[in-house]
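Okay, structure first, notes after.
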Amino acid sequence: MHGTLVRNGSMLLLAVIFTAGLTFATVALPDVVDGLLQRTITTPGGDSHADAVAQLKTALFMAHYHVRAIGYVAFFLLVGLIVLGFATRRAELAALGAVGVMLPVFAQFAGVMFFLAGLGVLNAVWLPLLDISYELQHWGRVIDAPNDALRWLLGLAGIHSMWPTTIFFIGVGILIFLLAVYAWLSARAQGRPVADAWVYRLSRHPQYLGWILWTYGLYLLLQRMHYPRRSWGIGASLPWLISTMVIVAVALVEELQMRRRHGEAYETYRHSAPFLFPVPRVVQRILSAPLRFLFGTERPDRRREIVAIVGLYTILLVCISAFAYGDGLRNTVARLSPADVREARMQQLVTEMGQTSEYRRRYRLMQQLVGFGDPAVEPILGLLEGDDTGLKVLAAEAFARLPAERAVPALCTALSDPDENVRFRSAIALGVVGSARAVPALLPLLDDSVPHVRLVTLNQLAALGSTVVLDRVHEYLDSDEVWTRIGGITALGALGDEKGVPAIAQRLNDEAEAVRREAVIALLRIGSPSARPTLERAVDDDDWEVRVYATEALKRLPDRLTGVH
């Protein structure tokens with residue numbers, strides 16, 4: 001009796017230690033590592049994807065430090081681990097690859113603006129997919145469904161906080177994982193080849209189930225804790241989805257191995273316990289329907305069947321995420337609905353916006369309206385021409401996301417609105433639309449009473465190719481305000497006229513490193529070979545960012561004599 005208690009206590013202690021260690025490694029350690037990386041490795045401090053200039057700076061930084069090459073190598077190594085694991089029946093290799101694929105989830109610990117700062121460097125692992133399309137990162141949003149369903153039920157009871165569901169998934173995941181480790185260790189200590197007691201009666205793979213629930217809760221936690229602190233970041237839904245599907249495939253491969261090793265003993269156990277968690281028989285039949293159709297069996301008996309069926313379900317979930325969940329569903333319905341249904345829905349959205357004064361509510365409704373695409377232009381024009389200042393601002397913002405030539409007259413009229421935010425947003429929208437018809441209407445705003453309206457107008461005129469910028473930019477370049485000088489340099493870069501090179505070159509002697517950085521970027525955007533001597537001097541600048549940008553700019557600048565790269 002005493003020996004049994006000691007053994008059970010030892011197994012429980014080992015399970016607790018192992019679970020505590022894994023908890024530290026997945027919750028506390030990433031935060032520590034993120035802080036250490038941010039303190040020791042210098043990265044740009046601005047928003048990495050705010051606009052064209054920020055994206056160019058990010059591209060130069062990544063090229064200088066070979067981030068893209070490192071990301072590609074890491075991604076394909078992880079994919080190779082997964083493939084090798086399945087090919088060689090080494091499930092632990094595939095599981096290791098699955099954990100690696102999920103690394104961008106932990107990048108969310110990096111509450112930063114620059115997406116590679118601190119632990120955000122893990123985002124590099126997914127660059128091969130993001131290079132195909134930035135929108136691919138949203139193709140795992142279907143994983144939000146369980147949380148959305150639970151929050152909806154809690155909402156019926158008047159509970160609207162995100163914490164109950166987050167704590168539920170993390171807590172249940174840790175508990176199941178702890179019990180699974182204890183049950184597995186106990187089975188090994190007793191010499192039983194198949195762990196079939198305790199939590200193993202409710203799940204044949206409770207450790208994987210615990211891990212899945214645990215990391216899902218972590219995904220929910222990080223999504224809410226850090227996203228408000230960053231203006232851009234790689235979503236973690238697709239990495240989590242793919243990693244989880246690989247783990248499911250690993251579990252199925254392990255079952256094949258267990259059946260070969262233990263024969264009838266494991267078959268008996270398999271029939272007595274569900275795969276991951278109990279589900280009704282009718283659900284099992286639905287889930288196994290593709291397997292029956294493709295291979296004529298209720299369960300996969302070969303590795304290729306496992307790969308095929310898990311791959312099929314992964315593709316299905318990705319498609320649901322892209323076209324039939326959240327914004328994807330709303331936008332799909334919006335575009336496929338009959339014209340009269342679309343009109344009614346758009347009018348309903350406009351009415352609801354007028355009935356509330358809450359900005360976030362109005363913003364969400366406007367996003368839905370923009371989701372209708374071109375048919376939404378007329379309703380948004382109505383809001384821009386209305387009397388509600390808040391809605392006029394939102395309408396002008398909408399035309400920056402839904403540029404339409406026929407909105408130009410109304411946007412030009414809005415440039416004379418008494419509200420500075422309406423003028424500001426309308427100027428931005430006109431620059432995005434790109435119509436030369438807007439230039440005469442924008443010119444008076446160069447003398448606007450509000451500094452940021454004048455500055456954004458200068459940049460929109462530059463984007464539209466107006467050479468008036470060359471005549472007016474010096475009052476910005478000579479300003480005492482750093483950000484005003486930066487705005488003037490940015491405008492010259494956007495204009496792309498070689499006549500602006502001398503003025504920009506002078507700013508490379510500016511006392512503010514932020515101004516010098518912007519000058520290098522502007523020279524690269526203009527792309528004139530005459531900027532080469534200036535950039536060559538900038539390679540020795542005191543500021544490391546200036547040096548990096550100048551070094552990479554010289555690689556991209558056409559040769560002064562031949563005019564070729």
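The way I read the labels, and the way they are meant: chains A, B, ... in the order of the structure tokens, residue 1 as the first residue of every chain, and ligand 1 as the first ligand shown, with later ones counted on from there.
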_What's around Val83 of chain A at 12 Å? Count only C-alpha atoms, leave out sequence neighbours fewer than 2 positions away in its own chain, and write the answer as a PyMOL selection string._
chain A and resi 76-81+85-98+246+249-250+303-304+307
Those same residues - N, CA and C atoms - I'd like them written as a PDB file, in the first residue's frame.
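Output saved as selection.pdb:
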ATOM      1  N   PHE A  76      10.722  25.975 -44.905  1.00  0.00           N
ATOM      2  CA  PHE A  76      10.841  24.717 -45.642  1.00  0.00           C
ATOM      3  C   PHE A  76      11.541  23.632 -44.821  1.00  0.00           C
ATOM      4  N   LEU A  77      12.372  24.011 -43.868  1.00  0.00           N
ATOM      5  CA  LEU A  77      12.920  23.021 -42.949  1.00  0.00           C
ATOM      6  C   LEU A  77      11.819  22.414 -42.092  1.00  0.00           C
ATOM      7  N   LEU A  78      10.904  23.257 -41.614  1.00  0.00           N
ATOM      8  CA  LEU A  78       9.793  22.763 -40.795  1.00  0.00           C
ATOM      9  C   LEU A  78       8.869  21.877 -41.620  1.00  0.00           C
ATOM     10  N   VAL A  79       8.582  22.314 -42.839  1.00  0.00           N
ATOM     11  CA  VAL A  79       7.763  21.476 -43.725  1.00  0.00           C
ATOM     12  C   VAL A  79       8.474  20.161 -43.995  1.00  0.00           C
ATOM     13  N   GLY A  80       9.807  20.241 -44.194  1.00  0.00           N
ATOM     14  CA  GLY A  80      10.582  19.019 -44.414  1.00  0.00           C
ATOM     15  C   GLY A  80      10.540  18.079 -43.226  1.00  0.00           C
ATOM     16  N   LEU A  81      10.571  18.630 -42.011  1.00  0.00           N
ATOM     17  CA  LEU A  81      10.453  17.790 -40.807  1.00  0.00           C
ATOM     18  C   LEU A  81       9.129  17.044 -40.789  1.00  0.00           C
ATOM     19  N   GLY A  85       8.828  13.116 -41.107  1.00  0.00           N
ATOM     20  CA  GLY A  85       8.200  12.370 -40.024  1.00  0.00           C
ATOM     21  C   GLY A  85       7.176  11.373 -40.524  1.00  0.00           C
ATOM     22  N   PHE A  86       6.345  11.805 -41.477  1.00  0.00           N
ATOM     23  CA  PHE A  86       5.339  10.892 -42.029  1.00  0.00           C
ATOM     24  C   PHE A  86       5.973   9.824 -42.907  1.00  0.00           C
ATOM     25  N   ALA A  87       7.001  10.216 -43.663  1.00  0.00           N
ATOM     26  CA  ALA A  87       7.626   9.270 -44.588  1.00  0.00           C
ATOM     27  C   ALA A  87       8.381   8.165 -43.860  1.00  0.00           C
ATOM     28  N   THR A  88       8.940   8.499 -42.692  1.00  0.00           N
ATOM     29  CA  THR A  88       9.765   7.531 -41.964  1.00  0.00           C
ATOM     30  C   THR A  88       9.062   6.938 -40.744  1.00  0.00           C
ATOM     31  N   ARG A  89       7.769   7.268 -40.592  1.00  0.00           N
ATOM     32  CA  ARG A  89       6.988   6.816 -39.429  1.00  0.00           C
ATOM     33  C   ARG A  89       7.562   7.343 -38.110  1.00  0.00           C
ATOM     34  N   ARG A  90       8.286   8.460 -38.176  1.00  0.00           N
ATOM     35  CA  ARG A  90       8.817   9.102 -36.974  1.00  0.00           C
ATOM     36  C   ARG A  90       7.857  10.222 -36.594  1.00  0.00           C
ATOM     37  N   ALA A  91       6.821   9.876 -35.850  1.00  0.00           N
ATOM     38  CA  ALA A  91       5.783  10.848 -35.518  1.00  0.00           C
ATOM     39  C   ALA A  91       6.331  12.032 -34.739  1.00  0.00           C
ATOM     40  N   GLU A  92       7.389  11.786 -33.956  1.00  0.00           N
ATOM     41  CA  GLU A  92       7.941  12.883 -33.150  1.00  0.00           C
ATOM     42  C   GLU A  92       8.541  13.968 -34.039  1.00  0.00           C
ATOM     43  N   LEU A  93       9.082  13.605 -35.220  1.00  0.00           N
ATOM     44  CA  LEU A  93       9.612  14.611 -36.134  1.00  0.00           C
ATOM     45  C   LEU A  93       8.495  15.471 -36.703  1.00  0.00           C
ATOM     46  N   ALA A  94       7.394  14.820 -37.088  1.00  0.00           N
ATOM     47  CA  ALA A  94       6.253  15.569 -37.608  1.00  0.00           C
ATOM     48  C   ALA A  94       5.665  16.481 -36.539  1.00  0.00           C
ATOM     49  N   ALA A  95       5.606  15.996 -35.295  1.00  0.00           N
ATOM     50  CA  ALA A  95       5.089  16.816 -34.199  1.00  0.00           C
ATOM     51  C   ALA A  95       5.990  18.023 -33.956  1.00  0.00           C
ATOM     52  N   LEU A  96       7.303  17.814 -34.042  1.00  0.00           N
ATOM     53  CA  LEU A  96       8.251  18.914 -33.876  1.00  0.00           C
ATOM     54  C   LEU A  96       8.058  19.953 -34.975  1.00  0.00           C
ATOM     55  N   GLY A  97       7.856  19.492 -36.193  1.00  0.00           N
ATOM     56  CA  GLY A  97       7.590  20.420 -37.293  1.00  0.00           C
ATOM     57  C   GLY A  97       6.297  21.186 -37.088  1.00  0.00           C
ATOM     58  N   ALA A  98       5.282  20.495 -36.544  1.00  0.00           N
ATOM     59  CA  ALA A  98       3.995  21.155 -36.282  1.00  0.00           C
ATOM     60  C   ALA A  98       4.142  22.262 -35.252  1.00  0.00           C
ATOM     61  N   VAL A 246      -1.769  19.185 -38.411  1.00  0.00           N
ATOM     62  CA  VAL A 246      -0.609  18.287 -38.457  1.00  0.00           C
ATOM     63  C   VAL A 246      -0.584  17.402 -37.220  1.00  0.00           C
ATOM     64  N   ALA A 249      -2.956  14.669 -37.668  1.00  0.00           N
ATOM     65  CA  ALA A 249      -2.380  13.651 -38.550  1.00  0.00           C
ATOM     66  C   ALA A 249      -1.348  12.799 -37.814  1.00  0.00           C
ATOM     67  N   VAL A 250      -0.536  13.428 -36.954  1.00  0.00           N
ATOM     68  CA  VAL A 250       0.445  12.692 -36.155  1.00  0.00           C
ATOM     69  C   VAL A 250      -0.248  11.684 -35.253  1.00  0.00           C
ATOM     70  N   ARG A 303      -0.786   5.602 -44.381  1.00  0.00           N
ATOM     71  CA  ARG A 303      -0.337   6.976 -44.189  1.00  0.00           C
ATOM     72  C   ARG A 303      -0.851   7.898 -45.290  1.00  0.00           C
ATOM     73  N   ARG A 304      -0.910   7.391 -46.526  1.00  0.00           N
ATOM     74  CA  ARG A 304      -1.376   8.249 -47.607  1.00  0.00           C
ATOM     75  C   ARG A 304      -2.855   8.609 -47.425  1.00  0.00           C
ATOM     76  N   VAL A 307      -2.797  11.445 -44.837  1.00  0.00           N
ATOM     77  CA  VAL A 307      -2.385  12.702 -45.454  1.00  0.00           C
ATOM     78  C   VAL A 307      -3.508  13.258 -46.322  1.00  0.00           C
TER      79      VAL A 307
END
*Quick one: residues within 9 Å of Leu221 of chain A, only C-alpha atoms counted, chain neighbours fewer than 6 positions away excluded, as a VMD selection string?*
chain A and resid 162 to 163 166 to 167
Output of the above residues as a PDB file, in the first residue's frame, restricted to C-alpha atoms:
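Wrote part.pdb, looks like this:
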ATOM      1  CA  MET A 162     -13.483  37.824 -23.327  1.00  0.00           C
ATOM      2  CA  TRP A 163     -11.804  36.461 -20.204  1.00  0.00           C
ATOM      3  CA  THR A 166      -9.929  32.458 -22.641  1.00  0.00           C
ATOM      4  CA  ILE A 167      -9.473  31.178 -19.083  1.00  0.00           C
TER       5      ILE A 167
END
_For Glu545 of chain A, find every residue with an atom within 10 Å (counting only C-alpha atoms), except residues of its own chain fewer than 6 positions away, and show them as a PyMOL selection string._
chain A and resi 42-44+57+60-61+513-514+516-517+520+539+551
_Selection: 10 Å around segment 52-54 of chain A, only C-alpha atoms, excl. self and same-chain fewer than 6 positions, as a PyMOL selection string_ = chain A and resi 44+46+60+114+490+493-494+518+521-522+525
*Which of segment 456-488 of chain A counts as alpha helix (DSSP H) under DSSP, as a ChimeraX atom specification please?*
/A:456-463,468-472,474-477,482-488
Output the selection as a PDB file, in the first residue's frame - N, CA and C atoms for each residue.
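Wrote it out as result_16.pdb, contents follow:
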ATOM      1  N   VAL A 456      -0.624  66.893 -45.392  1.00  0.00           N
ATOM      2  CA  VAL A 456      -1.183  65.772 -46.146  1.00  0.00           C
ATOM      3  C   VAL A 456      -1.565  66.209 -47.550  1.00  0.00           C
ATOM      4  N   THR A 457      -1.986  67.471 -47.710  1.00  0.00           N
ATOM      5  CA  THR A 457      -2.320  67.982 -49.041  1.00  0.00           C
ATOM      6  C   THR A 457      -1.089  68.015 -49.930  1.00  0.00           C
ATOM      7  N   LEU A 458       0.042  68.465 -49.382  1.00  0.00           N
ATOM      8  CA  LEU A 458       1.291  68.484 -50.144  1.00  0.00           C
ATOM      9  C   LEU A 458       1.629  67.083 -50.646  1.00  0.00           C
ATOM     10  N   ASN A 459       1.460  66.081 -49.785  1.00  0.00           N
ATOM     11  CA  ASN A 459       1.795  64.713 -50.170  1.00  0.00           C
ATOM     12  C   ASN A 459       0.812  64.140 -51.177  1.00  0.00           C
ATOM     13  N   GLN A 460      -0.466  64.506 -51.078  1.00  0.00           N
ATOM     14  CA  GLN A 460      -1.433  64.007 -52.056  1.00  0.00           C
ATOM     15  C   GLN A 460      -1.206  64.656 -53.418  1.00  0.00           C
ATOM     16  N   LEU A 461      -0.849  65.948 -53.426  1.00  0.00           N
ATOM     17  CA  LEU A 461      -0.506  66.604 -54.689  1.00  0.00           C
ATOM     18  C   LEU A 461       0.716  65.943 -55.327  1.00  0.00           C
ATOM     19  N   ALA A 462       1.679  65.558 -54.489  1.00  0.00           N
ATOM     20  CA  ALA A 462       2.855  64.849 -55.003  1.00  0.00           C
ATOM     21  C   ALA A 462       2.449  63.518 -55.620  1.00  0.00           C
ATOM     22  N   ALA A 463       1.558  62.808 -54.943  1.00  0.00           N
ATOM     23  CA  ALA A 463       1.098  61.514 -55.460  1.00  0.00           C
ATOM     24  C   ALA A 463       0.372  61.683 -56.793  1.00  0.00           C
ATOM     25  N   VAL A 468       3.639  71.675 -58.521  1.00  0.00           N
ATOM     26  CA  VAL A 468       3.496  72.765 -57.555  1.00  0.00           C
ATOM     27  C   VAL A 468       4.256  72.422 -56.275  1.00  0.00           C
ATOM     28  N   VAL A 469       4.388  71.135 -56.015  1.00  0.00           N
ATOM     29  CA  VAL A 469       5.109  70.668 -54.826  1.00  0.00           C
ATOM     30  C   VAL A 469       6.523  71.229 -54.799  1.00  0.00           C
ATOM     31  N   LEU A 470       7.185  71.284 -55.947  1.00  0.00           N
ATOM     32  CA  LEU A 470       8.561  71.785 -56.007  1.00  0.00           C
ATOM     33  C   LEU A 470       8.639  73.252 -55.597  1.00  0.00           C
ATOM     34  N   ASP A 471       7.572  74.016 -55.888  1.00  0.00           N
ATOM     35  CA  ASP A 471       7.575  75.435 -55.564  1.00  0.00           C
ATOM     36  C   ASP A 471       7.265  75.695 -54.091  1.00  0.00           C
ATOM     37  N   ARG A 472       6.529  74.782 -53.459  1.00  0.00           N
ATOM     38  CA  ARG A 472       6.071  75.040 -52.094  1.00  0.00           C
ATOM     39  C   ARG A 472       6.806  74.236 -51.023  1.00  0.00           C
ATOM     40  N   HIS A 474       9.842  74.040 -49.949  1.00  0.00           N
ATOM     41  CA  HIS A 474      10.923  74.597 -49.134  1.00  0.00           C
ATOM     42  C   HIS A 474      10.424  75.136 -47.800  1.00  0.00           C
ATOM     43  N   GLU A 475       9.194  75.612 -47.755  1.00  0.00           N
ATOM     44  CA  GLU A 475       8.663  76.089 -46.483  1.00  0.00           C
ATOM     45  C   GLU A 475       8.474  74.947 -45.488  1.00  0.00           C
ATOM     46  N   TYR A 476       8.374  73.735 -46.016  1.00  0.00           N
ATOM     47  CA  TYR A 476       8.282  72.557 -45.142  1.00  0.00           C
ATOM     48  C   TYR A 476       9.674  72.067 -44.759  1.00  0.00           C
ATOM     49  N   LEU A 477      10.577  72.064 -45.714  1.00  0.00           N
ATOM     50  CA  LEU A 477      11.937  71.579 -45.452  1.00  0.00           C
ATOM     51  C   LEU A 477      12.685  72.477 -44.464  1.00  0.00           C
ATOM     52  N   VAL A 482      10.431  68.664 -36.776  1.00  0.00           N
ATOM     53  CA  VAL A 482      11.019  67.492 -37.443  1.00  0.00           C
ATOM     54  C   VAL A 482      10.030  66.830 -38.375  1.00  0.00           C
ATOM     55  N   TRP A 483       8.797  66.619 -37.900  1.00  0.00           N
ATOM     56  CA  TRP A 483       7.830  65.871 -38.701  1.00  0.00           C
ATOM     57  C   TRP A 483       7.375  66.663 -39.922  1.00  0.00           C
ATOM     58  N   THR A 484       7.444  67.998 -39.828  1.00  0.00           N
ATOM     59  CA  THR A 484       7.115  68.799 -41.006  1.00  0.00           C
ATOM     60  C   THR A 484       8.201  68.645 -42.066  1.00  0.00           C
ATOM     61  N   ARG A 485       9.460  68.642 -41.638  1.00  0.00           N
ATOM     62  CA  ARG A 485      10.564  68.432 -42.593  1.00  0.00           C
ATOM     63  C   ARG A 485      10.459  67.039 -43.225  1.00  0.00           C
ATOM     64  N   ILE A 486      10.126  66.057 -42.398  1.00  0.00           N
ATOM     65  CA  ILE A 486       9.947  64.693 -42.922  1.00  0.00           C
ATOM     66  C   ILE A 486       8.825  64.671 -43.955  1.00  0.00           C
ATOM     67  N   GLY A 487       7.720  65.362 -43.657  1.00  0.00           N
ATOM     68  CA  GLY A 487       6.600  65.399 -44.602  1.00  0.00           C
ATOM     69  C   GLY A 487       6.983  66.015 -45.934  1.00  0.00           C
ATOM     70  N   GLY A 488       7.807  67.073 -45.900  1.00  0.00           N
ATOM     71  CA  GLY A 488       8.256  67.684 -47.139  1.00  0.00           C
ATOM     72  C   GLY A 488       9.133  66.741 -47.949  1.00  0.00           C
TER      73      GLY A 488
END
Excluding Ala195 of chain A and its own-chain neighbours fewer than 3 positions away, which residues fall within 8 Å of it when counting only C-alpha atoms? Please give them as an mmCIF file with C-alpha atoms, in the first residue's frame.
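The file below, out-v7.cif, is the result:
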data_model
loop_
_atom_site.group_PDB
_atom_site.id
_atom_site.type_symbol
_atom_site.label_atom_id
_atom_site.label_comp_id
_atom_site.auth_asym_id
_atom_site.auth_seq_id
_atom_site.Cartn_x
_atom_site.Cartn_y
_atom_site.Cartn_z
ATOM 1 C CA ALA A 183 -2.020 8.567 -16.613
ATOM 2 C CA TRP A 184 0.687 7.849 -19.193
ATOM 3 C CA ALA A 187 0.734 3.077 -17.234
ATOM 4 C CA ARG A 188 4.454 2.902 -17.921
ATOM 5 C CA ARG A 192 0.960 -1.690 -19.253
ATOM 6 C CA TYR A 200 -7.538 7.957 -21.567
#
*Please provide as a PyMOL selection string all residues within 8 Å of segment 251-258 of chain A, with the sequence filter that same-chain residues fewer than 4 positions apart are discarded (counting only C-alpha atoms).*
chain A and resi 86+89+91+205+208+247+262-263+266+300-303+306
Just to be explicit: take each residue in the selection above, keep N, CA and C atoms, and write the result as an mmCIF file, in the first residue's frame.
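So part-v7.cif came out as:
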data_model
loop_
_atom_site.group_PDB
_atom_site.id
_atom_site.type_symbol
_atom_site.label_atom_id
_atom_site.label_comp_id
_atom_site.auth_asym_id
_atom_site.auth_seq_id
_atom_site.Cartn_x
_atom_site.Cartn_y
_atom_site.Cartn_z
ATOM 1 N N PHE A 86 6.345 11.805 -41.477
ATOM 2 C CA PHE A 86 5.339 10.892 -42.029
ATOM 3 C C PHE A 86 5.973 9.824 -42.907
ATOM 4 N N ARG A 89 7.769 7.268 -40.592
ATOM 5 C CA ARG A 89 6.988 6.816 -39.429
ATOM 6 C C ARG A 89 7.562 7.343 -38.110
ATOM 7 N N ALA A 91 6.821 9.876 -35.850
ATOM 8 C CA ALA A 91 5.783 10.848 -35.518
ATOM 9 C C ALA A 91 6.331 12.032 -34.739
ATOM 10 N N HIS A 205 -6.102 10.387 -27.196
ATOM 11 C CA HIS A 205 -4.932 11.266 -27.298
ATOM 12 C C HIS A 205 -5.123 12.500 -26.411
ATOM 13 N N TYR A 208 -2.446 15.411 -26.668
ATOM 14 C CA TYR A 208 -2.636 16.282 -27.831
ATOM 15 C C TYR A 208 -3.863 17.173 -27.635
ATOM 16 N N ILE A 247 -0.902 17.968 -36.051
ATOM 17 C CA ILE A 247 -0.939 17.180 -34.819
ATOM 18 C C ILE A 247 -2.008 16.093 -34.916
ATOM 19 N N HIS A 262 0.556 -3.599 -30.874
ATOM 20 C CA HIS A 262 -0.227 -4.215 -29.799
ATOM 21 C C HIS A 262 -1.477 -4.946 -30.284
ATOM 22 N N GLY A 263 -1.729 -4.914 -31.563
ATOM 23 C CA GLY A 263 -2.778 -5.734 -32.146
ATOM 24 C C GLY A 263 -4.142 -5.596 -31.481
ATOM 25 N N TYR A 266 -4.928 -3.059 -28.556
ATOM 26 C CA TYR A 266 -5.202 -1.664 -28.888
ATOM 27 C C TYR A 266 -6.526 -1.524 -29.625
ATOM 28 N N PRO A 300 -8.726 5.714 -41.522
ATOM 29 C CA PRO A 300 -7.562 5.598 -42.410
ATOM 30 C C PRO A 300 -6.658 4.442 -41.973
ATOM 31 N N ASP A 301 -6.290 3.603 -42.925
ATOM 32 C CA ASP A 301 -5.434 2.446 -42.627
ATOM 33 C C ASP A 301 -4.028 2.592 -43.193
ATOM 34 N N ARG A 302 -3.777 3.651 -43.936
ATOM 35 C CA ARG A 302 -2.462 3.881 -44.520
ATOM 36 C C ARG A 302 -2.087 5.356 -44.336
ATOM 37 N N ARG A 303 -0.786 5.602 -44.381
ATOM 38 C CA ARG A 303 -0.337 6.976 -44.189
ATOM 39 C C ARG A 303 -0.851 7.898 -45.290
ATOM 40 N N ILE A 306 -4.208 9.045 -44.474
ATOM 41 C CA ILE A 306 -4.185 10.065 -43.419
ATOM 42 C C ILE A 306 -3.841 11.416 -44.015
#
